[in-house]
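Next up, final39.txt (compact mmCIF, C-alpha atoms):
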# COMPACT_ATOMS: atom_id res chain seq x y z
CA MET A 23 -21.65 -41.77 174.98
CA TYR A 24 -23.89 -43.57 172.55
CA PHE A 25 -26.92 -43.18 170.36
CA THR A 26 -29.78 -45.57 169.59
CA LYS A 27 -31.56 -45.72 166.25
CA ALA A 28 -34.70 -47.51 165.13
CA PHE A 29 -34.14 -50.65 163.09
CA LEU A 30 -34.08 -50.16 159.34
CA VAL A 31 -35.30 -53.31 157.69
CA ALA A 32 -34.32 -54.17 154.14
CA GLY A 33 -34.10 -57.30 152.08
CA GLY A 34 -35.36 -60.76 152.93
CA LEU A 35 -35.04 -62.85 156.03
CA ALA A 36 -32.11 -65.11 156.75
CA SER A 37 -31.50 -67.74 159.36
CA VAL A 38 -29.75 -66.63 162.54
CA SER A 39 -26.79 -68.83 161.70
CA GLU A 40 -26.27 -66.80 158.51
CA ALA A 41 -26.95 -63.34 159.96
CA HIS A 42 -23.85 -62.06 161.70
CA MET A 43 -22.70 -58.47 162.20
CA LEU A 44 -20.92 -56.26 159.69
CA LEU A 45 -19.21 -52.90 160.10
CA ARG A 46 -21.27 -50.15 158.45
CA THR A 47 -19.65 -46.93 159.70
CA PRO A 48 -16.92 -45.99 158.95
CA VAL A 49 -17.15 -47.43 155.44
CA PRO A 50 -15.15 -50.68 155.32
CA TYR A 51 -12.76 -51.83 152.63
CA THR A 52 -14.43 -52.93 149.41
CA SER A 53 -11.71 -55.57 149.06
CA PRO A 54 -11.32 -57.88 150.82
CA SER A 55 -15.11 -57.97 150.79
CA LEU A 56 -16.76 -58.43 154.17
CA GLN A 57 -17.90 -61.93 154.97
CA ASN A 58 -20.94 -62.32 157.18
CA GLY A 59 -19.28 -64.21 160.00
CA PRO A 60 -16.32 -64.54 162.37
CA LEU A 61 -12.72 -65.10 161.39
CA ALA A 62 -11.78 -68.67 160.57
CA PRO A 63 -10.86 -70.69 163.69
CA ASP A 64 -7.44 -71.44 162.20
CA GLY A 65 -6.73 -67.73 161.79
CA SER A 66 -6.15 -68.08 158.06
CA ASN A 67 -8.06 -64.86 157.25
CA TYR A 68 -6.58 -62.76 160.05
CA PRO A 69 -6.50 -59.80 159.93
CA CYS A 70 -9.53 -58.09 158.44
CA GLN A 71 -10.85 -61.27 156.75
CA SER A 72 -7.93 -61.11 154.34
CA THR A 73 -6.53 -64.15 152.55
CA GLY A 74 -3.74 -62.27 150.85
CA GLY A 75 -5.47 -60.17 148.19
CA ALA A 76 -5.24 -56.41 147.67
CA PHE A 77 -6.88 -53.94 150.05
CA THR A 78 -8.98 -51.33 148.23
CA GLY A 79 -11.46 -48.70 149.34
CA THR A 80 -11.99 -44.99 149.86
CA ALA A 81 -10.50 -43.67 153.09
CA THR A 82 -12.68 -41.82 155.59
CA LYS A 83 -10.89 -38.68 156.82
CA MET A 84 -10.68 -38.38 160.60
CA ALA A 85 -9.12 -35.36 162.28
CA LYS A 86 -7.19 -35.93 165.47
CA GLY A 87 -9.09 -34.93 168.58
CA THR A 88 -12.49 -35.39 166.91
CA THR A 89 -15.23 -37.77 168.01
CA GLN A 90 -16.22 -40.38 165.46
CA LYS A 91 -19.11 -42.85 165.30
CA MET A 92 -19.18 -46.57 164.63
CA GLY A 93 -22.28 -48.46 163.48
CA PHE A 94 -23.16 -51.96 162.30
CA THR A 95 -25.50 -53.93 160.08
CA GLY A 96 -27.16 -57.15 161.25
CA GLN A 97 -29.14 -58.55 164.15
CA ALA A 98 -27.17 -61.61 165.28
CA VAL A 99 -25.61 -59.77 168.21
CA HIS A 100 -25.02 -62.90 170.35
CA SER A 101 -26.03 -61.13 173.59
CA GLY A 102 -23.46 -58.41 172.90
CA GLY A 103 -19.96 -58.79 174.27
CA SER A 104 -16.82 -56.67 174.29
CA CYS A 105 -15.26 -54.78 171.37
CA GLN A 106 -12.12 -52.82 170.61
CA ILE A 107 -11.38 -50.13 168.03
CA SER A 108 -7.78 -50.18 166.86
CA VAL A 109 -5.51 -48.66 164.23
CA THR A 110 -2.51 -49.76 162.22
CA TYR A 111 -0.64 -47.63 159.71
CA ASP A 112 -0.36 -50.59 157.37
CA GLU A 113 -2.65 -49.87 154.43
CA SER A 114 -2.60 -53.57 153.53
CA PRO A 115 -2.52 -55.25 156.96
CA ASN A 116 -1.01 -58.70 157.39
CA LYS A 117 -0.29 -61.10 160.23
CA GLN A 118 2.73 -59.03 161.23
CA SER A 119 0.76 -55.77 161.53
CA SER A 120 0.54 -54.08 164.90
CA PHE A 121 -3.00 -52.97 165.81
CA LYS A 122 -3.06 -50.34 168.58
CA VAL A 123 -6.23 -49.81 170.62
CA ILE A 124 -7.78 -46.34 170.70
CA HIS A 125 -11.05 -47.34 172.42
CA SER A 126 -12.37 -50.36 174.32
CA ILE A 127 -16.02 -51.24 174.94
CA GLN A 128 -16.66 -53.70 177.77
CA GLY A 129 -20.12 -55.21 177.53
CA GLY A 130 -23.02 -54.18 175.33
CA CYS A 131 -21.22 -54.34 171.99
CA PRO A 132 -22.34 -54.48 169.21
CA ALA A 133 -25.73 -54.14 170.93
CA ARG A 134 -26.77 -53.04 174.40
CA ASN A 135 -29.22 -54.81 176.68
CA VAL A 136 -29.97 -57.68 174.30
CA ASN A 137 -30.26 -61.28 175.44
CA GLY A 138 -29.60 -63.54 172.49
CA ASN A 139 -30.15 -61.97 169.08
CA ALA A 140 -32.13 -58.88 168.11
CA GLY A 141 -33.78 -60.60 165.12
CA ASN A 142 -32.85 -62.55 162.02
CA ASP A 143 -32.51 -59.89 159.33
CA PRO A 144 -28.86 -59.54 158.19
CA ALA A 145 -29.71 -56.32 156.29
CA ALA A 146 -31.16 -54.46 159.27
CA ALA A 147 -29.20 -51.56 160.73
CA ALA A 148 -28.17 -52.40 164.29
CA PRO A 149 -29.85 -50.01 166.77
CA ASP A 150 -26.77 -48.88 168.67
CA GLU A 151 -23.90 -46.62 167.63
CA TYR A 152 -20.67 -46.08 169.52
CA GLU A 153 -18.46 -43.03 169.84
CA PHE A 154 -14.67 -43.00 169.88
CA LYS A 155 -12.05 -40.28 169.72
CA ILE A 156 -8.99 -40.11 167.50
CA PRO A 157 -6.00 -39.51 169.83
CA ASP A 158 -4.19 -36.19 169.49
CA ASP A 159 -0.68 -37.59 169.69
CA ILE A 160 -0.58 -40.32 167.04
CA PRO A 161 0.93 -39.74 163.57
CA ASN A 162 -0.92 -38.37 160.57
CA GLY A 163 -1.45 -40.38 157.43
CA LYS A 164 -3.36 -43.19 155.85
CA ALA A 165 -4.18 -46.06 158.17
CA THR A 166 -6.47 -49.01 158.75
CA LEU A 167 -9.11 -48.89 161.47
CA ALA A 168 -10.22 -52.24 162.89
CA TRP A 169 -13.31 -53.25 164.81
CA SER A 170 -12.85 -56.48 166.78
CA TRP A 171 -15.55 -58.28 168.78
CA LEU A 172 -15.54 -61.07 171.34
CA ASN A 173 -19.15 -62.24 171.50
CA LYS A 174 -20.84 -62.98 174.82
CA GLY A 175 -23.21 -65.75 173.69
CA GLY A 176 -22.84 -68.67 171.32
CA ASN A 177 -19.69 -70.27 169.98
CA ARG A 178 -16.32 -68.87 171.05
CA GLU A 179 -15.46 -66.68 168.07
CA PHE A 180 -13.42 -63.64 167.03
CA TYR A 181 -14.90 -61.06 164.67
CA MET A 182 -12.90 -58.41 162.84
CA ASN A 183 -13.82 -55.91 160.13
CA CYS A 184 -11.56 -53.14 158.85
CA ALA A 185 -11.92 -49.76 157.15
CA PRO A 186 -9.48 -47.43 155.38
CA ILE A 187 -9.04 -44.07 157.11
CA GLU A 188 -6.85 -41.00 156.81
CA ILE A 189 -5.80 -39.30 160.04
CA THR A 190 -5.28 -35.53 159.79
CA GLY A 191 -4.25 -32.73 162.12
CA ALA A 192 -1.13 -31.54 163.90
CA GLU A 193 1.76 -33.92 163.54
CA GLY A 194 1.90 -36.61 166.21
CA SER A 195 4.65 -39.05 167.09
CA ALA A 196 5.55 -42.71 166.88
CA SER A 197 5.92 -42.75 170.66
CA GLY A 198 2.29 -41.71 171.06
CA LEU A 199 1.24 -44.67 168.95
CA ALA A 200 3.58 -47.08 170.74
CA ALA A 201 2.10 -46.11 174.10
CA LEU A 202 -1.30 -47.51 173.10
CA PRO A 203 -2.10 -51.13 174.07
CA ASP A 204 -2.15 -53.97 171.58
CA MET A 205 -5.49 -55.28 170.35
CA LEU A 206 -6.61 -58.39 172.21
CA ILE A 207 -6.94 -61.47 170.00
CA ALA A 208 -8.72 -64.61 171.18
CA ASN A 209 -10.44 -67.80 170.03
CA ILE A 210 -8.38 -68.24 166.87
CA ALA A 211 -5.29 -70.34 166.20
CA PRO A 212 -2.62 -71.45 165.31
CA GLY A 213 -0.13 -71.21 168.12
CA GLY A 214 -2.58 -71.26 171.03
CA THR A 215 -3.80 -67.74 171.71
CA CYS A 216 -6.58 -67.20 174.26
CA ALA A 217 -9.93 -68.78 174.95
CA THR A 218 -12.84 -66.70 176.25
CA THR A 219 -15.68 -67.84 178.50
CA GLU A 220 -19.27 -67.94 177.27
CA GLY A 221 -21.86 -65.88 179.12
CA VAL A 222 -19.60 -63.05 180.25
CA ASP A 223 -18.50 -59.70 178.85
CA ILE A 224 -14.74 -59.90 178.53
CA GLU A 225 -12.76 -57.50 180.70
CA PHE A 226 -9.74 -56.51 178.64
CA PRO A 227 -6.36 -57.05 180.32
CA ASN A 228 -5.19 -53.70 178.95
CA PRO A 229 -8.10 -51.65 177.60
CA GLY A 230 -6.18 -48.38 177.36
CA LYS A 231 -7.22 -44.98 178.65
CA SER A 232 -10.38 -44.67 176.54
CA VAL A 233 -12.81 -47.24 177.96
CA GLU A 234 -16.59 -47.59 177.90
CA THR A 235 -18.06 -50.10 180.34
CA ASN A 236 -21.77 -50.37 179.70
CA PRO A 237 -24.28 -50.50 182.57
CA GLY A 238 -25.36 -54.05 183.20
CA ALA A 239 -22.19 -55.57 181.77
CA LYS A 240 -21.35 -58.91 183.30
CA LEU A 241 -17.59 -58.58 183.34
CA GLY A 242 -16.01 -61.98 183.41
CA PRO A 243 -12.58 -63.50 183.71
CA ARG A 244 -9.90 -62.21 181.44
CA PRO A 245 -9.08 -64.63 178.62
CA ALA A 246 -7.01 -67.62 179.70
CA SER A 247 -4.10 -68.85 177.64
CA ALA A 248 -4.77 -72.02 175.69
CA VAL A 249 -1.20 -73.11 176.45
CA PRO A 250 -1.19 -75.44 179.49
CA PRO A 251 0.58 -74.05 182.56
CA LEU A 252 4.00 -75.35 183.49
CA VAL A 253 3.87 -78.16 186.08
CA LEU A 254 6.75 -78.25 188.54
CA ALA A 255 8.19 -81.63 189.43
CA ALA A 256 8.36 -82.82 193.02
CA PRO A 257 11.51 -81.81 194.96
CA VAL A 258 14.46 -84.12 194.44
CA THR A 259 16.92 -84.93 197.25
CA ARG A 260 20.39 -84.12 196.05
CA PRO A 261 23.33 -86.39 196.89
CA ALA A 262 25.98 -85.12 199.29
CA THR A 263 28.60 -85.09 196.57
CA ARG A 264 28.16 -82.19 194.24
CA SER A 265 28.35 -82.67 190.52
CA PRO A 266 29.92 -79.97 188.36
CA ARG A 267 27.41 -77.28 187.53
CA PRO A 268 26.57 -77.23 183.82
CA PRO A 269 27.58 -74.08 181.93
CA PRO A 270 24.89 -71.43 181.38
CA PRO A 271 23.07 -71.62 178.04
CA SER A 272 24.40 -69.48 175.26
CA ALA A 273 22.43 -66.50 173.97
CA ALA A 274 21.63 -68.48 170.81
CA ALA A 275 20.27 -71.36 172.88
CA ALA A 276 18.13 -68.99 174.92
CA ARG A 277 16.62 -67.59 171.76
CA SER A 278 15.77 -71.10 170.59
CA VAL A 279 13.30 -71.70 173.45
CA PRO A 280 9.89 -72.31 171.84
CA LYS A 281 7.86 -69.12 171.72
CA ARG A 282 4.76 -70.98 172.93
CA ILE A 283 6.20 -70.87 176.48
CA ALA A 284 6.02 -67.08 176.45
CA THR A 285 2.37 -67.24 175.47
CA ALA A 286 1.33 -68.51 178.90
CA CYS A 287 2.71 -65.34 180.48
CA SER A 288 1.45 -62.91 177.85
CA LEU A 289 -1.81 -60.99 177.57
CA CYS A 290 -2.56 -62.88 174.38
CA SER A 291 -2.56 -59.68 172.38
CA VAL A 292 -0.21 -60.79 169.63
CA PHE A 293 -1.48 -63.22 167.02
CA ALA A 294 0.41 -66.52 167.28
CA GLU A 295 3.53 -64.67 168.48
CA ARG A 296 3.65 -63.21 164.95
CA THR A 297 5.31 -66.29 163.59
CA GLY A 298 3.12 -66.27 160.48
Representation of the structure as structure tokens:
Amino acid sequence: MYFTKAFLVAGGLASVSEAHMLLRTPVPYTSPSLQNGPLAPDGSNYPCQSTGGAFTGTATKMAKGTTQKMGFTGQAVHSGGSCQISVTYDESPNKQSSFKVIHSIQGGCPARNVNGNAGNDPAAAAPDEYEFKIPDDIPNGKATLAWSWLNKGGNREFYMNCAPIEITGAEGSASGLAALPDMLIANIAPGGTCATTEGVDIEFPNPGKSVETNPGAKLGPRPASAVPPLVLAAPVTRPATRSPRPPPPSAAAARSVPKRIATACSLCSVFAERTG
């Protein structure tokens, strides 16, 4: 379900290159302050545009089982794209934090039925709002809610804004949280994550049970790993005389295999294999 509002125009004009999208509802953290743009390509301000400072802000209370709304400010919607809404119980998220998806939006986010941008006013309220539900079986307590966006048009980028929330209701469980999928991360480094394709609305490899696929969405290929695939060598004819078989690698040696190899087989949902 969704709602559409009329544009609210405030402030002066800005060039399209300066007018990106910002989370408006729920109220985001006051620190780190929101920057009007995507995360840095090198991933240095992942997550939540943080570079290591304190996280401050007033938490929005959200009861489990209730329907909440998400809205944005700005008009540089880049033809929409796909978004996810995720939670972590880290009140000061870092590169090791685990963001679990509670709702996925495939196509038409953060704006529906827009080709290009909706205008060039960074202070205008975006016309579309999105609904999501707080799961019944996740734990209570203070948490961080994240909005992430993979834009359809323009440069290959990854947007992420965060808000402090407090989840209330009947006690849930850690297993309920663990059952949720990991947030998809793409188009930022280091470590070679995933690269999306321009002109399509990303179909999430694991969107979870709560999914909104907007009418008219042009679902495209799932993100491809930036790590090159393994290339098998041509068959080699073995001599008739057998050589002694080498001993199997030790457990320590197996653990020393570079983690980048695992990336090619993953869903690219973990930032740089959490080596940061």
- [ ] May I ask for the distance between atom CA of A:Pro227 and atom CA of A:Glu193, given in Å to one decimal place?
- [x] 29.7 Å
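Taking only C-alpha atoms into account, the residues near (-8.5, -38.6, 169.5), no farther than 8 Å, are Ala85, Lys86, Gly87, Thr88, Thr89, Ile124, Phe154, Lys155, Ile156, Pro157, Asp158 and Asp159 of chain A.
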Open item on the list: Which residue is closest to A:Lys117? Choose from A:Gly230, A:Gly74, A:Pro60, A:Gly221 and count only C-alpha atoms.
Closed with: A:Gly74
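Coordinates place atom CA of A:Leu61 at a distance of 25.2 Å from atom CA of A:Glu188.
Reported to one decimal place, the separation of atom CA of A:Leu206 from atom CA of A:Gln106 is 8.0 Å.
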